[in-house]
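Content type mmCIF, C-alpha atoms, from the file coords_9.cif:
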```
data_my_file
#
loop_
_atom_site.label_atom_id
_atom_site.label_comp_id
_atom_site.auth_asym_id
_atom_site.auth_seq_id
_atom_site.Cartn_x
_atom_site.Cartn_y
_atom_site.Cartn_z
CA MET S 1 73.91 177.83 6.95
CA GLN S 2 71.89 177.94 3.74
CA GLN S 3 68.19 178.67 4.25
CA PHE S 4 65.66 176.79 2.13
CA LYS S 5 62.35 178.40 1.33
CA ARG S 6 59.39 176.17 2.10
CA ILE S 7 57.60 175.27 -1.12
CA LYS S 8 53.88 176.05 -1.17
CA ARG S 9 51.59 173.67 -2.97
CA THR S 10 48.63 174.37 -5.22
CA ILE S 11 45.83 172.32 -3.72
CA SER S 12 42.06 172.67 -3.87
CA GLY S 13 39.36 171.29 -1.62
CA VAL S 14 37.54 171.66 1.68
CA LEU S 15 38.73 170.45 5.07
CA LEU S 16 36.32 170.11 7.99
CA LEU S 17 38.28 171.12 11.07
CA ASP S 18 37.23 170.63 14.69
CA LYS S 19 38.66 173.90 16.05
CA ALA S 20 40.24 173.75 19.47
CA HIS S 21 39.38 176.03 22.39
CA GLY S 22 41.44 179.16 22.97
CA ILE S 23 42.55 180.01 19.43
CA SER S 24 41.02 182.27 16.81
CA SER S 25 39.62 180.94 13.56
CA ASN S 26 42.44 182.66 11.67
CA THR S 27 45.09 181.07 13.88
CA ALA S 28 43.52 177.66 13.27
CA LEU S 29 43.48 178.38 9.54
CA GLN S 30 47.16 179.37 9.48
CA GLN S 31 48.15 176.24 11.42
CA VAL S 32 46.37 173.96 8.98
CA LYS S 33 47.55 175.96 5.98
CA ARG S 34 51.18 175.46 7.07
CA LEU S 35 50.55 171.77 7.66
CA PHE S 36 49.27 171.34 4.11
CA GLN S 37 51.86 173.82 2.75
CA ALA S 38 48.92 175.33 0.91
CA GLU S 39 49.33 178.33 -1.35
CA LYS S 40 45.84 179.74 -0.75
CA ALA S 41 43.31 179.14 2.03
CA GLY S 42 40.41 180.74 3.89
CA HIS S 43 37.75 179.83 6.46
CA THR S 44 33.98 179.94 6.13
CA GLY S 45 32.66 181.70 9.20
CA ASN S 46 34.38 182.95 12.32
CA LEU S 47 34.38 181.05 15.61
CA ASP S 48 35.48 182.99 18.70
CA PRO S 49 38.51 181.66 20.62
CA LEU S 50 36.07 180.54 23.34
CA ALA S 51 34.18 178.35 20.86
CA THR S 52 35.12 174.93 19.54
CA GLY S 53 33.77 172.77 16.78
CA LEU S 54 33.11 172.71 13.09
CA LEU S 55 35.18 175.15 11.03
CA PRO S 56 35.26 174.34 7.30
CA LEU S 57 38.49 175.51 5.67
CA CYS S 58 38.76 176.14 1.94
CA PHE S 59 41.89 175.67 -0.16
CA GLY S 60 42.69 176.94 -3.65
CA GLU S 61 39.70 176.97 -6.00
CA ALA S 62 37.29 176.14 -3.18
CA THR S 63 37.83 179.64 -1.70
CA LYS S 64 35.76 181.01 -4.60
CA PHE S 65 32.64 179.38 -3.14
CA SER S 66 33.16 179.90 0.60
CA GLN S 67 30.43 182.56 0.74
CA TYR S 68 27.77 179.87 0.44
CA LEU S 69 28.82 178.41 3.79
CA LEU S 70 29.11 181.85 5.37
CA ASP S 71 25.43 182.31 4.50
CA ALA S 72 24.40 178.83 5.72
CA ASP S 73 22.34 177.97 8.79
CA LYS S 74 24.25 176.76 11.86
CA ILE S 75 23.66 174.47 14.85
CA TYR S 76 25.38 175.06 18.20
CA GLN S 77 25.54 173.45 21.62
CA ALA S 78 25.87 176.12 24.30
CA VAL S 79 26.29 176.24 28.07
CA ILE S 80 24.71 179.32 29.64
CA LYS S 81 25.66 180.50 33.12
CA LEU S 82 22.78 182.17 34.94
CA GLY S 83 23.06 184.84 37.62
CA ALA S 84 25.85 187.01 36.21
CA THR S 85 26.41 189.34 33.27
CA THR S 86 29.86 190.17 31.88
CA THR S 87 31.46 192.89 29.77
CA THR S 88 31.85 190.56 26.78
CA GLY S 89 28.70 188.48 27.18
CA ASP S 90 30.78 185.38 27.81
CA VAL S 91 32.95 183.80 30.49
CA GLU S 92 36.06 185.66 29.32
CA GLY S 93 34.69 189.08 30.33
CA GLU S 94 34.62 190.80 33.70
CA ILE S 95 31.48 190.37 35.81
CA ILE S 96 29.40 193.54 35.87
CA SER S 97 26.28 192.35 37.71
CA GLN S 98 25.16 189.39 39.80
CA HIS S 99 21.71 188.18 40.88
CA PRO S 100 20.36 185.14 42.72
CA VAL S 101 19.05 182.33 40.52
CA THR S 102 15.61 181.12 41.61
CA VAL S 103 14.16 180.00 38.28
CA SER S 104 12.51 176.64 37.63
CA GLN S 105 12.83 174.39 34.59
CA LEU S 106 9.24 175.27 33.66
CA GLN S 107 10.18 178.97 33.57
CA ILE S 108 13.20 178.21 31.43
CA ASP S 109 11.14 176.13 28.99
CA GLN S 110 8.63 178.97 28.67
CA VAL S 111 11.35 181.60 28.11
CA LEU S 112 13.18 179.52 25.50
CA GLN S 113 9.95 179.22 23.50
CA LYS S 114 9.80 183.03 23.24
CA PHE S 115 13.04 183.10 21.22
CA ILE S 116 11.96 180.63 18.52
CA GLY S 117 11.25 182.25 15.17
CA PRO S 118 12.34 185.65 13.79
CA VAL S 119 14.19 187.59 16.51
CA GLN S 120 15.58 191.13 16.61
CA GLN S 121 19.15 190.92 17.88
CA ILE S 122 21.62 193.74 18.56
CA PRO S 123 25.20 192.69 17.64
CA PRO S 124 27.62 192.80 20.59
CA MET S 125 30.36 195.39 20.93
CA TYR S 126 32.88 192.57 21.26
CA SER S 127 32.49 191.41 17.66
CA ALA S 128 34.35 191.63 14.36
CA LEU S 129 31.65 193.79 12.74
CA LYS S 130 33.15 196.93 11.23
CA HIS S 131 32.42 200.57 12.05
CA GLN S 132 34.30 203.16 9.98
CA GLY S 133 36.79 200.49 8.94
CA LYS S 134 37.52 199.20 12.45
CA ALA S 135 36.20 196.11 14.21
CA LEU S 136 33.74 196.87 17.00
CA TYR S 137 35.92 195.05 19.53
CA THR S 138 38.62 197.67 18.91
CA TYR S 139 36.26 200.38 20.18
CA ALA S 140 35.06 198.15 23.03
CA ARG S 141 38.60 197.62 24.28
CA ALA S 142 39.07 201.40 24.28
CA GLY S 143 35.91 201.84 26.33
CA ILE S 144 33.94 203.37 23.44
CA GLU S 145 30.34 202.32 22.88
CA ILE S 146 29.09 202.42 19.26
CA GLU S 147 25.37 202.47 18.54
CA ARG S 148 24.33 199.29 16.72
CA LYS S 149 21.09 198.62 14.88
CA ALA S 150 19.10 195.50 15.67
CA ARG S 151 19.14 192.84 12.95
CA GLU S 152 16.63 190.11 12.29
CA ILE S 153 17.91 186.59 12.76
CA ILE S 154 15.95 183.35 12.91
CA ILE S 155 16.05 180.75 15.69
CA TYR S 156 14.67 177.59 14.11
CA SER S 157 14.83 175.54 17.31
CA LEU S 158 16.08 176.07 20.87
CA ASP S 159 16.10 172.89 22.94
CA LEU S 160 16.96 172.55 26.61
CA ASP S 161 19.37 169.64 27.00
CA GLU S 162 20.14 169.99 30.71
CA PHE S 163 19.42 172.31 33.63
CA SER S 164 21.33 172.10 36.90
CA GLY S 165 21.63 174.81 39.54
CA ASP S 166 22.68 177.97 37.71
CA GLU S 167 23.67 176.41 34.37
CA LEU S 168 21.66 175.30 31.40
CA SER S 169 22.78 173.51 28.25
CA VAL S 170 20.91 174.16 25.01
CA THR S 171 21.08 173.18 21.35
CA VAL S 172 20.40 176.07 18.99
CA SER S 173 19.58 175.85 15.29
CA CYS S 174 19.78 179.33 13.76
CA SER S 175 20.31 181.48 10.71
CA LYS S 176 23.54 183.22 9.72
CA GLY S 177 24.47 186.27 11.76
CA THR S 178 23.21 184.87 15.06
CA TYR S 179 25.33 185.71 18.11
CA ILE S 180 24.88 182.99 20.72
CA ARG S 181 26.48 185.28 23.34
CA VAL S 182 23.69 187.79 22.79
CA LEU S 183 21.08 185.03 22.89
CA ALA S 184 22.48 183.90 26.27
CA GLU S 185 22.31 187.46 27.60
CA ASP S 186 18.76 187.92 26.30
CA ILE S 187 17.63 184.65 27.90
CA GLY S 188 19.15 185.78 31.20
CA ALA S 189 17.42 189.14 30.96
CA GLU S 190 14.07 187.48 30.26
CA LEU S 191 14.56 185.20 33.29
CA GLY S 192 15.38 188.26 35.41
CA CYS S 193 18.69 186.97 36.73
CA GLY S 194 21.13 187.81 33.95
CA ALA S 195 23.36 185.33 32.14
CA HIS S 196 26.47 184.91 30.04
CA LEU S 197 27.84 182.29 27.68
CA LYS S 198 30.11 179.75 29.40
CA ALA S 199 30.90 177.39 26.51
CA LEU S 200 30.02 177.03 22.83
CA ARG S 201 30.47 174.27 20.27
CA ARG S 202 29.38 174.42 16.64
CA ILE S 203 28.13 171.01 15.57
CA ALA S 204 26.79 171.74 12.09
CA THR S 205 26.90 174.28 9.28
CA GLY S 206 25.19 173.97 5.94
CA GLY S 207 25.19 170.29 5.01
CA PHE S 208 28.21 169.42 7.18
CA ASP S 209 28.31 168.13 10.75
CA LEU S 210 30.97 167.68 13.40
CA SER S 211 31.20 163.90 12.93
CA GLN S 212 32.94 164.52 9.59
CA SER S 213 35.61 166.79 11.09
CA LEU S 214 39.21 166.26 12.20
CA THR S 215 41.28 167.93 14.91
CA LEU S 216 44.64 169.55 14.27
CA THR S 217 46.30 166.81 16.35
CA GLN S 218 44.76 164.12 14.14
CA LEU S 219 45.99 165.90 11.03
CA GLU S 220 49.50 166.29 12.46
CA HIS S 221 49.76 162.53 12.96
CA MET S 222 48.85 161.75 9.34
CA ALA S 223 51.17 161.23 6.41
CA PRO S 224 50.88 163.98 3.76
CA GLU S 225 48.97 161.75 1.35
CA GLN S 226 46.50 160.84 4.12
CA ARG S 227 45.86 164.51 4.84
CA ASP S 228 45.29 165.23 1.16
CA ALA S 229 42.75 162.39 1.06
CA CYS S 230 40.74 164.20 3.77
CA LEU S 231 39.99 167.12 1.44
CA LEU S 232 36.47 167.24 0.04
CA PRO S 233 35.93 168.51 -3.52
CA ALA S 234 35.11 172.20 -3.94
CA ASP S 235 31.63 171.52 -5.27
CA CYS S 236 30.57 170.16 -1.86
CA LEU S 237 30.11 173.84 -0.92
CA LEU S 238 27.30 174.05 -3.49
CA GLU S 239 25.52 170.90 -2.28
CA GLY S 240 21.77 171.27 -2.65
CA MET S 241 22.10 173.74 -5.52
CA PRO S 242 20.57 172.61 -8.85
CA LYS S 243 23.11 170.91 -11.13
CA VAL S 244 23.45 171.48 -14.86
CA ILE S 245 25.53 169.17 -17.04
CA LEU S 246 26.78 170.89 -20.19
CA ASP S 247 27.79 169.25 -23.45
CA SER S 248 31.35 169.68 -24.69
CA GLU S 249 30.61 172.74 -26.84
CA SER S 250 28.63 174.57 -24.14
CA ALA S 251 31.27 173.74 -21.52
CA TYR S 252 33.95 175.24 -23.77
CA TYR S 253 32.10 178.52 -24.29
CA VAL S 254 31.14 178.84 -20.60
CA GLN S 255 34.82 178.46 -19.71
CA GLN S 256 35.52 181.33 -22.11
CA GLY S 257 33.13 183.49 -20.07
CA GLN S 258 30.25 183.33 -22.55
CA GLU S 259 26.57 182.62 -21.97
CA VAL S 260 25.16 179.47 -23.53
CA TRP S 261 21.65 178.27 -24.22
CA GLN S 262 20.45 174.85 -23.16
CA SER S 263 16.96 173.44 -23.52
CA LYS S 264 14.77 172.28 -20.62
CA GLN S 265 15.84 175.08 -18.26
CA SER S 266 12.49 176.05 -16.78
CA SER S 267 13.67 178.11 -13.80
CA THR S 268 16.12 180.92 -13.09
CA GLY S 269 18.80 181.27 -10.42
CA LEU S 270 22.17 179.89 -9.42
CA VAL S 271 23.31 176.42 -10.50
CA SER S 272 26.45 174.33 -10.22
CA LEU S 273 27.95 173.57 -13.61
CA TYR S 274 29.56 170.35 -14.83
CA GLY S 275 31.10 169.22 -18.08
CA PRO S 276 30.07 166.08 -20.00
CA ASP S 277 32.71 164.12 -18.04
CA GLN S 278 31.09 165.22 -14.72
CA ALA S 279 34.05 167.55 -14.04
CA PHE S 280 33.05 170.52 -11.88
CA LEU S 281 33.26 173.79 -13.83
CA GLY S 282 31.98 176.26 -11.25
CA LEU S 283 28.96 178.38 -10.46
CA GLY S 284 26.53 179.57 -13.11
CA GLU S 285 23.22 181.38 -13.30
CA ILE S 286 20.18 180.72 -15.45
CA THR S 287 19.07 184.09 -16.75
CA ASP S 288 15.55 185.34 -17.45
CA ALA S 289 16.25 184.68 -21.13
CA GLY S 290 16.88 181.01 -20.35
CA LYS S 291 20.62 181.15 -20.96
CA ILE S 292 23.31 179.86 -18.62
CA ALA S 293 25.79 182.54 -17.63
CA PRO S 294 29.09 181.78 -15.86
CA LYS S 295 29.47 183.40 -12.40
CA ARG S 296 32.52 181.87 -10.66
CA LEU S 297 34.55 179.26 -12.49
CA VAL S 298 37.35 177.00 -11.36
CA VAL S 299 40.65 177.51 -13.15
CA THR S 300 40.71 174.03 -14.69
CA ALA S 301 37.99 171.80 -15.99
CA LYS S 302 38.61 169.42 -13.09
CA ASN S 303 38.35 170.16 -9.43
CA LEU S 304 41.76 169.13 -8.13
CA VAL S 305 41.86 167.59 -4.67
CA ALA S 306 45.30 166.05 -4.75
CA ALA S 307 48.27 168.38 -4.54
CA LEU S 308 50.41 169.13 -7.53
CA PRO S 309 53.96 167.82 -7.09
#
```
Same coordinates, now as structure tokens:
Amino acid sequence: MQQFKRIKRTISGVLLLDKAHGISSNTALQQVKRLFQAEKAGHTGNLDPLATGLLPLCFGEATKFSQYLLDADKIYQAVIKLGATTTTGDVEGEIISQHPVTVSQLQIDQVLQKFIGPVQQIPPMYSALKHQGKALYTYARAGIEIERKAREIIIYSLDLDEFSGDELSVTVSCSKGTYIRVLAEDIGAELGCGAHLKALRRIATGGFDLSQSLTLTQLEHMAPEQRDACLLPADCLLEGMPKVILDSESAYYVQQGQEVWQSKQSSTGLVSLYGPDQAFLGLGEITDAGKIAPKRLVVTAKNLVAALP
């Protein structure tokens, strides 16, 4: 029987996925990539298999700007189990210590307040951080402990949503690089009874929230044109960044990789660039000399969302 190669499509845009429990971020990405038959795709910040929730996926030209979501602040809902610590810091690890839970809600409120603001956090061994080219979890699975330096993260808010018996539910607003598993362990240590992460759901990242997202099941039940209509334009990843609209001549030279001068540019820094027809051109930077230099440009003058036939 003759085998037909599946045709991959050149599409660009951002899809907000509600990742399911039990699969890695990369597995979720590959599932959606196959569904769209996309030529190029990437995600914008890893969610552990245990975690669910908002996972923005970038296709085509949008992958050039995914870093700006990787660096964005996040909001999570977490369930923390008190009274036991585990090898992985979450419910999937083996229990290594157990203690009775005799804390009150007042004690919990007081402890949570201690973690608001800049916090020194040691990354967990069961993480994708690299040491000598290998992920830390590779060493952890082999029983090897690698020394890790503490890093400063910021907890903007830490609200207690519910406390019952030996479980507490919290909503955490935090900076990039925050490990909620480590936060759960640290809260347990401060309470004196130990703790681990039982469940985690990301509800916001950057300017996006979970209400805008779709599950894989929802996407599977859509017609191809409906799925394509769910893609957001690539410039949504630069939302909040200053916008500069170039005239036709400046847009032409920027697309040739050249710096251009434009009046009324009083500040320096990164900007999103648009042509006179409002077409997204890419990322630029206003230099100290007042010129606009191209940084990352889309291939075409228009940010394509619909797939090419």
* Hits from the PyMOL selection byres ((chain S and resi 171-181) around 9), listed as a PyMOL selection string -> chain S and resi 70-78+80+88-90+121-124+151-161+169-170+182-186+196-198+200+204
* **Residues in the PyMOL selection byres ((chain S and resi 255) around 12), expressed as an NGL selection string** => :S and (246 or 248-254 or 256-260 or 273-275 or 280-284 or 292-302)
* Structure fact -> Counting all atoms listed in the file, closest pick from S:Met222, S:Leu270, S:Leu112, S:Gln98 relative to Thr86 of chain S is S:Gln98
* **Who sits within 7 Å of segment 26-29 of chain S, all atoms listed in the file, same chain under 5 positions skipped, as an NGL selection string** => :S and (19 or 42-43 or 57)
* Asked: If I put a ball of radius 12 Å at (12.5, 189.2, 30.4) in the file's coordinates, which residues poke into it when counting all atoms listed in the file, written as JSON, numbers by chain?
  -> {"S": [107, 108, 110, 111, 112, 114, 115, 185, 186, 187, 188, 189, 190, 191, 192, 193, 194, 195]}
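Interatomic distance, atom CA of Arg141 of chain S against atom CA of His21 of chain S: 21.7 Å.
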Just segment 194-225 of chain S from the block, C-alpha atoms, as a PDB file, in the first residue's frame, could you?
```pdb
ATOM      1  CA  GLY S 194       6.629  19.301  56.546  1.00  0.00           C
ATOM      2  CA  ALA S 195       4.617  19.485  53.334  1.00  0.00           C
ATOM      3  CA  HIS S 196       4.542  18.619  49.661  1.00  0.00           C
ATOM      4  CA  LEU S 197       2.663  19.815  46.606  1.00  0.00           C
ATOM      5  CA  LYS S 198      -0.509  17.821  45.914  1.00  0.00           C
ATOM      6  CA  ALA S 199      -1.926  19.696  42.910  1.00  0.00           C
ATOM      7  CA  LEU S 200      -1.013  22.704  40.773  1.00  0.00           C
ATOM      8  CA  ARG S 201      -2.866  24.743  38.167  1.00  0.00           C
ATOM      9  CA  ARG S 202      -1.465  27.733  36.287  1.00  0.00           C
ATOM     10  CA  ILE S 203      -4.208  30.290  35.794  1.00  0.00           C
ATOM     11  CA  ALA S 204      -2.289  33.206  34.292  1.00  0.00           C
ATOM     12  CA  THR S 205       0.980  34.113  32.601  1.00  0.00           C
ATOM     13  CA  GLY S 206       1.915  37.514  31.274  1.00  0.00           C
ATOM     14  CA  GLY S 207      -1.268  39.144  30.000  1.00  0.00           C
ATOM     15  CA  PHE S 208      -3.092  35.846  29.404  1.00  0.00           C
ATOM     16  CA  ASP S 209      -5.437  33.952  31.713  1.00  0.00           C
ATOM     17  CA  LEU S 210      -6.977  30.499  31.774  1.00  0.00           C
ATOM     18  CA  SER S 211     -10.422  31.707  30.665  1.00  0.00           C
ATOM     19  CA  GLN S 212      -8.976  32.300  27.184  1.00  0.00           C
ATOM     20  CA  SER S 213      -7.589  28.767  26.845  1.00  0.00           C
ATOM     21  CA  LEU S 214      -8.826  25.591  25.147  1.00  0.00           C
ATOM     22  CA  THR S 215      -8.327  21.924  25.997  1.00  0.00           C
ATOM     23  CA  LEU S 216      -6.958  19.384  23.545  1.00  0.00           C
ATOM     24  CA  THR S 217     -10.376  17.680  23.493  1.00  0.00           C
ATOM     25  CA  GLN S 218     -12.056  20.936  22.484  1.00  0.00           C
ATOM     26  CA  LEU S 219      -9.533  21.435  19.698  1.00  0.00           C
ATOM     27  CA  GLU S 220      -9.990  17.864  18.452  1.00  0.00           C
ATOM     28  CA  HIS S 221     -13.722  18.451  18.021  1.00  0.00           C
ATOM     29  CA  MET S 222     -13.227  21.567  15.878  1.00  0.00           C
ATOM     30  CA  ALA S 223     -13.053  21.810  12.119  1.00  0.00           C
ATOM     31  CA  PRO S 224      -9.587  22.864  10.844  1.00  0.00           C
ATOM     32  CA  GLU S 225     -10.740  26.387  10.016  1.00  0.00           C
TER      33      GLU S 225
END
```
